[in-house]
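Raw contents of start-v3.json, JSON, C-alpha atoms:
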[["chain", "number", "residue", "atom", "x", "y", "z"],
["W", 632, "MET", "CA", 94.23, 104.63, 118.90],
["W", 633, "VAL", "CA", 95.79, 101.17, 118.99],
["W", 634, "PHE", "CA", 95.51, 98.73, 116.08],
["W", 635, "GLU", "CA", 94.78, 95.10, 116.86],
["W", 636, "ASN", "CA", 97.43, 93.96, 114.34],
["W", 637, "ARG", "CA", 98.73, 94.78, 110.86],
["W", 638, "VAL", "CA", 95.71, 93.18, 109.19],
["W", 639, "GLN", "CA", 93.29, 95.45, 111.03],
["W", 640, "ALA", "CA", 95.58, 98.43, 110.37],
["W", 641, "GLY", "CA", 95.51, 97.63, 106.66],
["W", 642, "ARG", "CA", 91.73, 97.54, 106.65],
["W", 643, "GLN", "CA", 91.58, 100.91, 108.37],
["W", 644, "LEU", "CA", 94.08, 102.34, 105.91],
["W", 645, "ALA", "CA", 92.10, 100.99, 102.95],
["W", 646, "LYS", "CA", 89.10, 103.05, 104.08],
["W", 647, "LYS", "CA", 91.25, 106.18, 103.80],
["W", 648, "LEU", "CA", 92.27, 105.13, 100.29],
["W", 649, "SER", "CA", 88.79, 104.32, 98.99],
["W", 650, "ALA", "CA", 89.12, 106.88, 96.17],
["W", 651, "TYR", "CA", 91.64, 104.53, 94.54],
["W", 652, "ALA", "CA", 89.41, 101.44, 94.67],
["W", 653, "GLY", "CA", 88.82, 99.56, 91.42],
["W", 654, "ARG", "CA", 91.12, 101.77, 89.34],
["W", 655, "LYS", "CA", 93.16, 100.02, 86.65],
["W", 656, "ASP", "CA", 96.09, 102.43, 87.02],
["W", 657, "VAL", "CA", 96.75, 101.73, 90.73],
["W", 658, "ILE", "CA", 99.47, 99.47, 92.14],
["W", 659, "VAL", "CA", 100.10, 98.76, 95.84],
["W", 660, "LEU", "CA", 103.71, 98.42, 97.03],
["W", 661, "GLY", "CA", 104.47, 97.07, 100.50],
["W", 662, "ILE", "CA", 107.81, 97.60, 102.23],
["W", 663, "PRO", "CA", 108.95, 94.27, 103.72],
["W", 664, "ARG", "CA", 108.59, 92.87, 106.10],
["W", 665, "GLY", "CA", 106.04, 94.65, 108.27],
["W", 666, "GLY", "CA", 104.50, 96.70, 105.50],
["W", 667, "VAL", "CA", 103.44, 93.69, 103.44],
["W", 668, "PRO", "CA", 100.51, 92.46, 105.62],
["W", 669, "VAL", "CA", 99.19, 96.03, 105.70],
["W", 670, "ALA", "CA", 99.63, 96.41, 101.94],
["W", 671, "PHE", "CA", 98.01, 93.03, 101.28],
["W", 672, "GLU", "CA", 94.78, 94.15, 102.97],
["W", 673, "VAL", "CA", 94.83, 97.47, 101.12],
["W", 674, "ALA", "CA", 95.38, 95.74, 97.78],
["W", 675, "ARG", "CA", 92.63, 93.20, 98.51],
["W", 676, "LEU", "CA", 90.05, 95.80, 99.47],
["W", 677, "LEU", "CA", 90.94, 98.23, 96.67],
["W", 678, "ARG", "CA", 91.06, 95.37, 94.14],
["W", 679, "ALA", "CA", 94.57, 96.37, 93.09],
["W", 680, "PRO", "CA", 97.74, 94.37, 92.33],
["W", 681, "LEU", "CA", 100.34, 93.96, 95.08],
["W", 682, "ASP", "CA", 104.11, 94.02, 94.90],
["W", 683, "ILE", "CA", 107.00, 94.75, 97.25],
["W", 684, "PHE", "CA", 109.45, 97.65, 97.32],
["W", 685, "LEU", "CA", 112.55, 97.07, 99.40],
["W", 686, "SER", "CA", 113.91, 99.66, 101.81],
["W", 687, "ARG", "CA", 115.85, 99.23, 105.04],
["W", 688, "LYS", "CA", 117.31, 101.65, 107.54],
["W", 689, "LEU", "CA", 121.01, 101.96, 108.36],
["W", 690, "GLY", "CA", 121.20, 101.57, 112.13],
["W", 691, "VAL", "CA", 123.78, 103.19, 114.41],
["W", 692, "PRO", "CA", 126.13, 100.54, 115.91],
["W", 693, "GLY", "CA", 124.85, 99.60, 119.35],
["W", 694, "GLN", "CA", 121.67, 101.65, 118.79],
["W", 695, "GLU", "CA", 120.27, 99.88, 115.75],
["W", 696, "GLU", "CA", 116.80, 101.45, 116.18],
["W", 697, "LEU", "CA", 118.40, 104.87, 115.59],
["W", 698, "ALA", "CA", 118.84, 105.33, 111.85],
["W", 699, "PHE", "CA", 121.60, 107.42, 110.31],
["W", 700, "GLY", "CA", 120.21, 106.69, 106.85],
["W", 701, "ALA", "CA", 118.61, 104.04, 104.68],
["W", 702, "LEU", "CA", 119.11, 101.95, 101.56],
["W", 703, "ALA", "CA", 116.43, 101.07, 99.00],
["W", 704, "SER", "CA", 115.90, 99.11, 95.80],
["W", 705, "GLY", "CA", 117.94, 100.46, 92.92],
["W", 706, "GLY", "CA", 120.89, 101.27, 95.17],
["W", 707, "VAL", "CA", 119.48, 104.58, 96.42],
["W", 708, "ARG", "CA", 121.14, 105.63, 99.66],
["W", 709, "VAL", "CA", 119.96, 108.38, 102.00],
["W", 710, "LEU", "CA", 122.33, 109.61, 104.72],
["W", 711, "ASN", "CA", 121.75, 111.97, 107.62],
["W", 712, "ARG", "CA", 125.02, 113.89, 107.56],
["W", 713, "ASP", "CA", 124.25, 115.82, 110.74],
["W", 714, "LEU", "CA", 123.70, 112.68, 112.78],
["W", 715, "ILE", "CA", 126.77, 111.01, 111.28],
["W", 716, "LYS", "CA", 128.87, 114.00, 112.31],
["W", 717, "GLU", "CA", 127.30, 114.16, 115.78],
["W", 718, "LEU", "CA", 128.02, 110.47, 116.42],
["W", 719, "ASN", "CA", 131.44, 110.66, 114.77],
["W", 720, "LEU", "CA", 130.75, 107.64, 112.57],
["W", 721, "SER", "CA", 133.72, 106.74, 110.41],
["W", 722, "LYS", "CA", 133.58, 106.03, 106.69],
["W", 723, "GLU", "CA", 134.66, 102.47, 107.46],
["W", 724, "GLU", "CA", 131.74, 101.97, 109.87],
["W", 725, "ILE", "CA", 129.27, 103.42, 107.37],
["W", 726, "ASP", "CA", 130.61, 101.27, 104.52],
["W", 727, "ARG", "CA", 130.43, 98.12, 106.67],
["W", 728, "ILE", "CA", 126.82, 98.75, 107.67],
["W", 729, "VAL", "CA", 125.79, 99.71, 104.11],
["W", 730, "GLU", "CA", 127.31, 96.50, 102.74],
["W", 731, "ALA", "CA", 125.50, 94.37, 105.34],
["W", 732, "VAL", "CA", 122.17, 96.03, 104.56],
["W", 733, "ARG", "CA", 122.79, 95.76, 100.81],
["W", 734, "THR", "CA", 123.42, 92.03, 101.17],
["W", 735, "GLU", "CA", 120.21, 91.60, 103.17],
["W", 736, "LEU", "CA", 118.15, 93.51, 100.60],
["W", 737, "GLU", "CA", 119.54, 91.37, 97.79],
["W", 738, "ARG", "CA", 118.69, 88.23, 99.80],
["W", 739, "ARG", "CA", 115.14, 89.43, 100.39],
["W", 740, "GLU", "CA", 114.71, 90.25, 96.70],
["W", 741, "ARG", "CA", 115.65, 86.69, 95.78],
["W", 742, "VAL", "CA", 113.53, 85.06, 98.48],
["W", 743, "TYR", "CA", 110.39, 87.13, 98.03],
["W", 744, "ARG", "CA", 110.29, 87.35, 94.24],
["W", 745, "GLY", "CA", 111.74, 84.07, 93.09],
["W", 746, "ALA", "CA", 111.23, 84.05, 89.33],
["W", 747, "ARG", "CA", 108.39, 86.59, 89.45],
["W", 748, "ALA", "CA", 109.20, 89.91, 87.76],
["W", 749, "PRO", "CA", 108.28, 93.22, 89.42],
["W", 750, "LEU", "CA", 104.97, 94.74, 88.40],
["W", 751, "LYS", "CA", 105.09, 97.73, 86.10],
["W", 752, "VAL", "CA", 105.23, 101.05, 87.96],
["W", 753, "GLU", "CA", 105.82, 103.57, 85.17],
["W", 754, "GLY", "CA", 102.72, 105.61, 84.39],
["W", 755, "ARG", "CA", 100.73, 104.14, 87.27],
["W", 756, "VAL", "CA", 99.60, 105.44, 90.66],
["W", 757, "ALA", "CA", 101.90, 103.85, 93.25],
["W", 758, "LEU", "CA", 100.59, 103.43, 96.80],
["W", 759, "LEU", "CA", 103.73, 102.94, 98.90],
["W", 760, "ILE", "CA", 102.84, 101.30, 102.22],
["W", 761, "ASP", "CA", 104.55, 100.43, 105.48],
["W", 762, "ASP", "CA", 103.19, 99.52, 108.92],
["W", 763, "GLY", "CA", 104.20, 102.94, 110.22],
["W", 764, "ILE", "CA", 106.80, 105.67, 110.03],
["W", 765, "ALA", "CA", 109.03, 106.86, 112.87],
["W", 766, "THR", "CA", 111.90, 109.05, 111.63],
["W", 767, "GLY", "CA", 111.10, 108.44, 107.97],
["W", 768, "SER", "CA", 114.59, 107.45, 106.80],
["W", 769, "SER", "CA", 113.56, 104.14, 105.20],
["W", 770, "MET", "CA", 110.51, 105.70, 103.57],
["W", 771, "ARG", "CA", 112.56, 108.59, 102.15],
["W", 772, "ALA", "CA", 114.98, 106.15, 100.55],
["W", 773, "ALA", "CA", 112.07, 104.22, 99.09],
["W", 774, "ILE", "CA", 110.52, 107.43, 97.73],
["W", 775, "LYS", "CA", 113.75, 108.42, 95.99],
["W", 776, "ALA", "CA", 114.17, 104.96, 94.50],
["W", 777, "LEU", "CA", 110.55, 104.68, 93.42],
["W", 778, "ARG", "CA", 110.69, 108.05, 91.65],
["W", 779, "GLN", "CA", 113.25, 106.52, 89.27],
["W", 780, "LEU", "CA", 110.55, 104.15, 88.00],
["W", 781, "LYS", "CA", 108.40, 107.15, 86.93],
["W", 782, "PRO", "CA", 105.00, 106.51, 88.50],
["W", 783, "SER", "CA", 102.31, 108.96, 87.42],
["W", 784, "GLN", "CA", 101.57, 109.61, 91.09],
["W", 785, "LEU", "CA", 103.31, 108.55, 94.30],
["W", 786, "VAL", "CA", 101.19, 108.17, 97.42],
["W", 787, "VAL", "CA", 102.69, 107.22, 100.79],
["W", 788, "ALA", "CA", 100.11, 105.48, 102.97],
["W", 789, "ILE", "CA", 100.67, 104.32, 106.55],
["W", 790, "PRO", "CA", 98.53, 103.47, 109.58],
["W", 791, "VAL", "CA", 100.52, 105.60, 112.03],
["W", 792, "ALA", "CA", 103.25, 108.25, 112.03],
["W", 793, "PRO", "CA", 104.18, 111.39, 114.00],
["W", 794, "LEU", "CA", 102.47, 114.48, 112.60],
["W", 795, "HIS", "CA", 105.77, 116.35, 112.16],
["W", 796, "THR", "CA", 107.22, 113.47, 110.13],
["W", 797, "CYS", "CA", 104.20, 113.49, 107.83],
["W", 798, "GLU", "CA", 104.45, 117.26, 107.39],
["W", 799, "ARG", "CA", 108.15, 117.09, 106.47],
["W", 800, "MET", "CA", 107.51, 114.29, 103.99],
["W", 801, "ARG", "CA", 104.46, 115.90, 102.36],
["W", 802, "SER", "CA", 106.55, 117.89, 99.86],
["W", 803, "GLU", "CA", 108.35, 114.72, 98.69],
["W", 804, "VAL", "CA", 105.24, 112.87, 97.46],
["W", 805, "ASP", "CA", 102.02, 113.64, 95.63],
["W", 806, "GLU", "CA", 99.93, 112.64, 98.64],
["W", 807, "ILE", "CA", 100.48, 111.23, 102.12],
["W", 808, "VAL", "CA", 97.68, 109.32, 103.84],
["W", 809, "CYS", "CA", 97.88, 108.39, 107.51],
["W", 810, "VAL", "CA", 95.16, 106.91, 109.72],
["W", 811, "TYR", "CA", 96.57, 108.22, 113.01],
["W", 812, "THR", "CA", 99.10, 110.98, 113.76],
["W", 813, "PRO", "CA", 99.60, 110.95, 117.56],
["W", 814, "GLU", "CA", 101.27, 113.79, 119.44],
["W", 815, "ASN", "CA", 103.20, 111.43, 121.70],
["W", 816, "PHE", "CA", 105.14, 109.00, 119.55],
["W", 817, "TYR", "CA", 107.95, 106.76, 120.80],
["W", 818, "ALA", "CA", 107.87, 103.74, 118.50],
["W", 819, "ILE", "CA", 105.56, 102.22, 115.89],
["W", 820, "GLY", "CA", 104.97, 99.15, 118.05],
["W", 821, "GLN", "CA", 103.26, 101.14, 120.81],
["W", 822, "PHE", "CA", 100.25, 101.55, 118.49],
["W", 823, "TYR", "CA", 99.77, 97.82, 117.86],
["W", 824, "GLU", "CA", 98.48, 95.19, 120.25],
["W", 825, "ASP", "CA", 100.26, 92.57, 118.15],
["W", 826, "PHE", "CA", 103.45, 93.86, 116.56],
["W", 827, "SER", "CA", 105.22, 90.53, 116.26],
["W", 828, "GLN", "CA", 107.93, 90.17, 113.65],
["W", 829, "ILE", "CA", 106.82, 89.09, 110.18],
["W", 830, "THR", "CA", 108.76, 86.17, 108.71],
["W", 831, "ASP", "CA", 110.10, 85.75, 105.18],
["W", 832, "GLN", "CA", 107.65, 82.87, 104.72],
["W", 833, "GLU", "CA", 104.67, 85.07, 105.61],
["W", 834, "VAL", "CA", 105.77, 87.72, 103.11],
["W", 835, "THR", "CA", 106.17, 85.12, 100.37],
["W", 836, "GLN", "CA", 102.78, 83.57, 101.13],
["W", 837, "LEU", "CA", 101.02, 86.92, 100.95],
["W", 838, "LEU", "CA", 102.68, 87.76, 97.64],
["W", 839, "ASP", "CA", 101.68, 84.35, 96.26],
["W", 840, "ARG", "CA", 98.08, 84.86, 97.36],
["W", 841, "ALA", "CA", 97.99, 88.31, 95.78],
["W", 842, "ALA", "CA", 99.49, 87.00, 92.53],
["W", 843, "GLN", "CA", 96.81, 84.32, 92.33],
["W", 844, "ARG", "CA", 94.14, 86.98, 92.74],
["W", 845, "VAL", "CA", 95.59, 89.37, 90.16],
["W", 846, "ASP", "CA", 97.77, 87.66, 87.58],
["W", 847, "CYS", "CA", 97.11, 89.79, 84.52],
["W", 848, "CYS", "CA", 99.13, 92.89, 85.37],
["W", 849, "PRO", "CA", 101.99, 94.03, 83.06],
["W", 850, "THR", "CA", 105.47, 93.36, 84.36],
["W", 851, "ILE", "CA", 108.84, 94.94, 83.74],
["W", 852, "ALA", "CA", 112.39, 93.68, 83.85],
["W", 853, "PRO", "CA", 113.91, 93.43, 87.33],
["W", 854, "PRO", "CA", 115.22, 96.73, 88.76],
["W", 855, "PRO", "CA", 118.96, 97.50, 88.85],
["W", 856, "THR", "CA", 121.01, 95.50, 91.31],
["W", 857, "ILE", "CA", 121.26, 97.13, 94.68],
["W", 858, "ASP", "CA", 124.65, 98.69, 93.93],
["W", 859, "ALA", "CA", 123.82, 100.00, 90.46],
["W", 860, "VAL", "CA", 123.03, 103.50, 91.74],
["W", 861, "ASP", "CA", 124.58, 105.36, 94.64],
["W", 862, "GLU", "CA", 122.55, 108.50, 95.28],
["W", 863, "VAL", "CA", 123.49, 110.22, 98.53],
["W", 864, "SER", "CA", 121.11, 112.77, 100.00],
["W", 865, "GLN", "CA", 122.29, 115.42, 102.44],
["W", 866, "GLY", "CA", 120.40, 114.99, 105.70],
["W", 867, "SER", "CA", 118.34, 117.86, 107.05],
["W", 868, "GLY", "CA", 118.78, 117.09, 110.71],
["W", 869, "SER", "CA", 116.63, 113.97, 110.96],
["W", 870, "PRO", "CA", 116.99, 110.68, 109.09]]
Output the file's structure as structure tokens, nothing else.
Amino acid sequence: MVFENRVQAGRQLAKKLSAYAGRKDVIVLGIPRGGVPVAFEVARLLRAPLDIFLSRKLGVPGQEELAFGALASGGVRVLNRDLIKELNLSKEEIDRIVEAVRTELERRERVYRGARAPLKVEGRVALLIDDGIATGSSMRAAIKALRQLKPSQLVVAIPVAPLHTCERMRSEVDEIVCVYTPENFYAIGQFYEDFSQITDQEVTQLLDRAAQRVDCCPTIAPPPTIDAVDEVSQGSGSP
């Protein structure tokens, strides 16, 4: 299976999530940047409010696609200790990369939200969406951070991910929904005809369109700054 683009992937994913359509207790959270177009389509078709939830992997120097951990909103940090030891990454290298990612997440928070407060998560069913999962490091960080906001149910929903990644993650969430779990998985982009990079402007435009469609949802105060919490999770052999 190959998706035409993130819009079509979102529509396919929405079909898998039809049980949540029209419910007042559901909120859709897209992980920027690539997860937002997917989440927008899901939110539109389920008639649910849309918001973002920031998470970004910590890439190995010179091999940035290989993640040794991830950082998410609320300052939650997940580290793969085994990979760090294998690659002999120093504390100084880790701190430098974490600081750079933290700065980028703070920038994205300002750009994407502007003056708009996050939607209320506590007591609601949170559908956490990205355009795909590879190793799962960024999603795991997002899961840990989102749990702090006390949703009644946390559902991870993605168009594509390796089956073994989904199985490992299943115990960390209430439900995981995936359209396609291929046996041969090299990168998320191989399952999209158009996997072009999403810009900050596109993310902002989609959030604005969603806010115009659903502008009556309760909001909460902004989450803690990105360095307010520093939760480190021992890796289990894969980020």
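Atom CA of Thr830 of chain W is positioned 15.3 Å from atom CA of Arg687 of chain W.
Counting all atoms listed in the file and comparing W:Ala748, W:Leu780, W:Ile725, W:Leu660, the residue that lies closest to Ala674 of chain W is W:Leu660.
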Rows by chain and residue number, segment 720-776 of chain W within 7 Å of segment 791-814 of chain W, shortest pair, all atoms listed in the file, as a Markdown table:
| residue | atom | partner | partner_atom | distance |
| --- | --- | --- | --- | --- |
| W:Gly763 | CA | W:Val791 | CA | 4.9 |
| W:Ile764 | CA | W:Ala792 | CA | 4.8 |
| W:Ala765 | CA | W:Ala792 | CA | 6.0 |
| W:Thr766 | CA | W:Thr796 | CA | 6.6 |
| W:Gly767 | CA | W:Thr796 | CA | 6.7 |
Go through W:Arg844, W:Lys655, W:Lys688, W:Arg642 and flag the residue nearest Glu672 of chain W, using only C-alpha atoms for the distances. W:Arg642
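Proximity of W:Ile789, W:Arg733, W:Asn636, W:Gly754 to Val673 of chain W, computed with all atoms listed in the file, is greatest for W:Ile789.
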Within 12 Å of file point (119.4, 90.8, 98.0), counting all atoms listed in the file, expressed as an MDAnalysis selection string: chainID W and resid 685:687 702:706 730:745 854:858
Can you work out which one of W:Val669, W:Val633, W:Ile760, W:Leu648 has the shortest atom-to-atom distance to Leu837 of chain W, counting all atoms listed in the file? W:Val669
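Compared by their closest atoms to Pro790 of chain W, and using only C-alpha atoms, the residues W:Ala772, W:Leu720, W:Val709, W:Leu759 rank with W:Leu759 nearest.
Close contacts of Leu676 of chain W, defined as residues with an atom at most 10 Å away when counting all atoms listed in the file, with chain neighbours fewer than 5 positions off set aside, comprise Gly641, Arg642, Ala645, Lys646, Leu648, Ser649, Ala652, Gly653, Ala670 and Phe671 of chain W.
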Selection to disk with C-alpha atoms, as a PDB file, in the coordinates of the input:
ATOM      1  CA  GLY W 641      95.510  97.630 106.660  1.00  0.00           C
ATOM      2  CA  ARG W 642      91.730  97.540 106.650  1.00  0.00           C
ATOM      3  CA  ALA W 645      92.100 100.990 102.950  1.00  0.00           C
ATOM      4  CA  LYS W 646      89.100 103.050 104.080  1.00  0.00           C
ATOM      5  CA  LEU W 648      92.270 105.130 100.290  1.00  0.00           C
ATOM      6  CA  SER W 649      88.790 104.320  98.990  1.00  0.00           C
ATOM      7  CA  ALA W 652      89.410 101.440  94.670  1.00  0.00           C
ATOM      8  CA  GLY W 653      88.820  99.560  91.420  1.00  0.00           C
ATOM      9  CA  ALA W 670      99.630  96.410 101.940  1.00  0.00           C
ATOM     10  CA  PHE W 671      98.010  93.030 101.280  1.00  0.00           C
TER      11      PHE W 671
END
Reconstruct segment 633-669 of chain W at the level of N, CA and C atoms, and format the result as an mmCIF file, keeping the file's coordinate frame.
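Done, and the output landed in out-v4.cif:
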data_model
loop_
_atom_site.group_PDB
_atom_site.id
_atom_site.type_symbol
_atom_site.label_atom_id
_atom_site.label_comp_id
_atom_site.auth_asym_id
_atom_site.auth_seq_id
_atom_site.Cartn_x
_atom_site.Cartn_y
_atom_site.Cartn_z
ATOM 1 N N VAL W 633 94.889 102.310 119.061
ATOM 2 C CA VAL W 633 95.790 101.170 118.990
ATOM 3 C C VAL W 633 95.189 100.148 118.034
ATOM 4 N N PHE W 634 95.974 99.732 117.035
ATOM 5 C CA PHE W 634 95.510 98.730 116.080
ATOM 6 C C PHE W 634 95.646 97.338 116.693
ATOM 7 N N GLU W 635 94.710 96.470 116.365
ATOM 8 C CA GLU W 635 94.780 95.100 116.860
ATOM 9 C C GLU W 635 96.031 94.403 116.303
ATOM 10 N N ASN W 636 96.265 94.542 115.010
ATOM 11 C CA ASN W 636 97.430 93.960 114.340
ATOM 12 C C ASN W 636 97.575 94.634 112.972
ATOM 13 N N ARG W 637 98.495 94.152 112.173
ATOM 14 C CA ARG W 637 98.730 94.780 110.860
ATOM 15 C C ARG W 637 97.561 94.559 109.903
ATOM 16 N N VAL W 638 96.866 93.441 110.058
ATOM 17 C CA VAL W 638 95.710 93.180 109.190
ATOM 18 C C VAL W 638 94.634 94.232 109.429
ATOM 19 N N GLN W 639 94.322 94.460 110.707
ATOM 20 C CA GLN W 639 93.290 95.450 111.030
ATOM 21 C C GLN W 639 93.755 96.857 110.627
ATOM 22 N N ALA W 640 95.046 97.132 110.782
ATOM 23 C CA ALA W 640 95.580 98.430 110.370
ATOM 24 C C ALA W 640 95.428 98.618 108.864
ATOM 25 N N GLY W 641 95.669 97.554 108.110
ATOM 26 C CA GLY W 641 95.510 97.630 106.660
ATOM 27 C C GLY W 641 94.083 97.914 106.245
ATOM 28 N N ARG W 642 93.146 97.318 106.958
ATOM 29 C CA ARG W 642 91.730 97.540 106.650
ATOM 30 C C ARG W 642 91.329 98.981 106.954
ATOM 31 N N GLN W 643 91.854 99.524 108.050
ATOM 32 C CA GLN W 643 91.580 100.910 108.370
ATOM 33 C C GLN W 643 92.193 101.851 107.335
ATOM 34 N N LEU W 644 93.400 101.518 106.906
ATOM 35 C CA LEU W 644 94.080 102.340 105.910
ATOM 36 C C LEU W 644 93.343 102.291 104.573
ATOM 37 N N ALA W 645 92.832 101.133 104.214
ATOM 38 C CA ALA W 645 92.100 100.990 102.950
ATOM 39 C C ALA W 645 90.891 101.913 102.899
ATOM 40 N N LYS W 646 90.246 102.132 104.041
ATOM 41 C CA LYS W 646 89.100 103.050 104.080
ATOM 42 C C LYS W 646 89.532 104.459 103.696
ATOM 43 N N LYS W 647 90.733 104.848 104.120
ATOM 44 C CA LYS W 647 91.250 106.180 103.800
ATOM 45 C C LYS W 647 91.639 106.305 102.328
ATOM 46 N N LEU W 648 91.814 105.154 101.682
ATOM 47 C CA LEU W 648 92.270 105.130 100.290
ATOM 48 C C LEU W 648 91.144 104.720 99.336
ATOM 49 N N SER W 649 89.919 104.820 99.782
ATOM 50 C CA SER W 649 88.790 104.320 98.990
ATOM 51 C C SER W 649 88.670 104.991 97.624
ATOM 52 N N ALA W 650 89.197 106.184 97.472
ATOM 53 C CA ALA W 650 89.120 106.880 96.170
ATOM 54 C C ALA W 650 89.904 106.146 95.092
ATOM 55 N N TYR W 651 90.820 105.260 95.506
ATOM 56 C CA TYR W 651 91.640 104.530 94.540
ATOM 57 C C TYR W 651 91.086 103.138 94.230
ATOM 58 N N ALA W 652 89.965 102.785 94.831
ATOM 59 C CA ALA W 652 89.410 101.440 94.670
ATOM 60 C C ALA W 652 88.950 101.188 93.233
ATOM 61 N N GLY W 653 89.299 100.000 92.724
ATOM 62 C CA GLY W 653 88.820 99.560 91.420
ATOM 63 C C GLY W 653 89.474 100.231 90.233
ATOM 64 N N ARG W 654 90.462 101.082 90.444
ATOM 65 C CA ARG W 654 91.120 101.770 89.340
ATOM 66 C C ARG W 654 92.175 100.874 88.699
ATOM 67 N N LYS W 655 92.224 100.872 87.384
ATOM 68 C CA LYS W 655 93.160 100.020 86.650
ATOM 69 C C LYS W 655 94.587 100.558 86.674
ATOM 70 N N ASP W 656 94.758 101.826 87.063
ATOM 71 C CA ASP W 656 96.090 102.430 87.020
ATOM 72 C C ASP W 656 96.772 102.442 88.388
ATOM 73 N N VAL W 657 96.215 101.717 89.364
ATOM 74 C CA VAL W 657 96.750 101.730 90.730
ATOM 75 C C VAL W 657 97.532 100.457 91.017
ATOM 76 N N ILE W 658 98.682 100.607 91.677
ATOM 77 C CA ILE W 658 99.470 99.470 92.140
ATOM 78 C C ILE W 658 99.826 99.715 93.602
ATOM 79 N N VAL W 659 99.782 98.663 94.413
ATOM 80 C CA VAL W 659 100.100 98.760 95.840
ATOM 81 C C VAL W 659 101.467 98.137 96.077
ATOM 82 N N LEU W 660 102.342 98.876 96.753
ATOM 83 C CA LEU W 660 103.710 98.420 97.030
ATOM 84 C C LEU W 660 103.945 98.397 98.536
ATOM 85 N N GLY W 661 104.197 97.204 99.083
ATOM 86 C CA GLY W 661 104.470 97.070 100.500
ATOM 87 C C GLY W 661 105.957 96.988 100.776
ATOM 88 N N ILE W 662 106.406 97.659 101.828
ATOM 89 C CA ILE W 662 107.810 97.600 102.230
ATOM 90 C C ILE W 662 107.988 96.444 103.209
ATOM 91 N N PRO W 663 108.754 95.413 102.828
ATOM 92 C CA PRO W 663 108.950 94.270 103.720
ATOM 93 C C PRO W 663 109.786 94.647 104.942
ATOM 94 N N ARG W 664 109.583 93.917 106.058
ATOM 95 C CA ARG W 664 108.590 92.870 106.100
ATOM 96 C C ARG W 664 107.243 93.393 106.584
ATOM 97 N N GLY W 665 107.267 94.250 107.599
ATOM 98 C CA GLY W 665 106.040 94.650 108.270
ATOM 99 C C GLY W 665 105.012 95.344 107.417
ATOM 100 N N GLY W 666 105.444 95.988 106.345
ATOM 101 C CA GLY W 666 104.500 96.700 105.500
ATOM 102 C C GLY W 666 103.686 95.799 104.594
ATOM 103 N N VAL W 667 104.121 94.565 104.406
ATOM 104 C CA VAL W 667 103.440 93.690 103.440
ATOM 105 C C VAL W 667 102.056 93.237 103.920
ATOM 106 N N PRO W 668 101.870 92.811 105.185
ATOM 107 C CA PRO W 668 100.510 92.460 105.620
ATOM 108 C C PRO W 668 99.540 93.634 105.529
ATOM 109 N N VAL W 669 100.025 94.832 105.819
ATOM 110 C CA VAL W 669 99.190 96.030 105.700
ATOM 111 C C VAL W 669 98.834 96.253 104.233
#
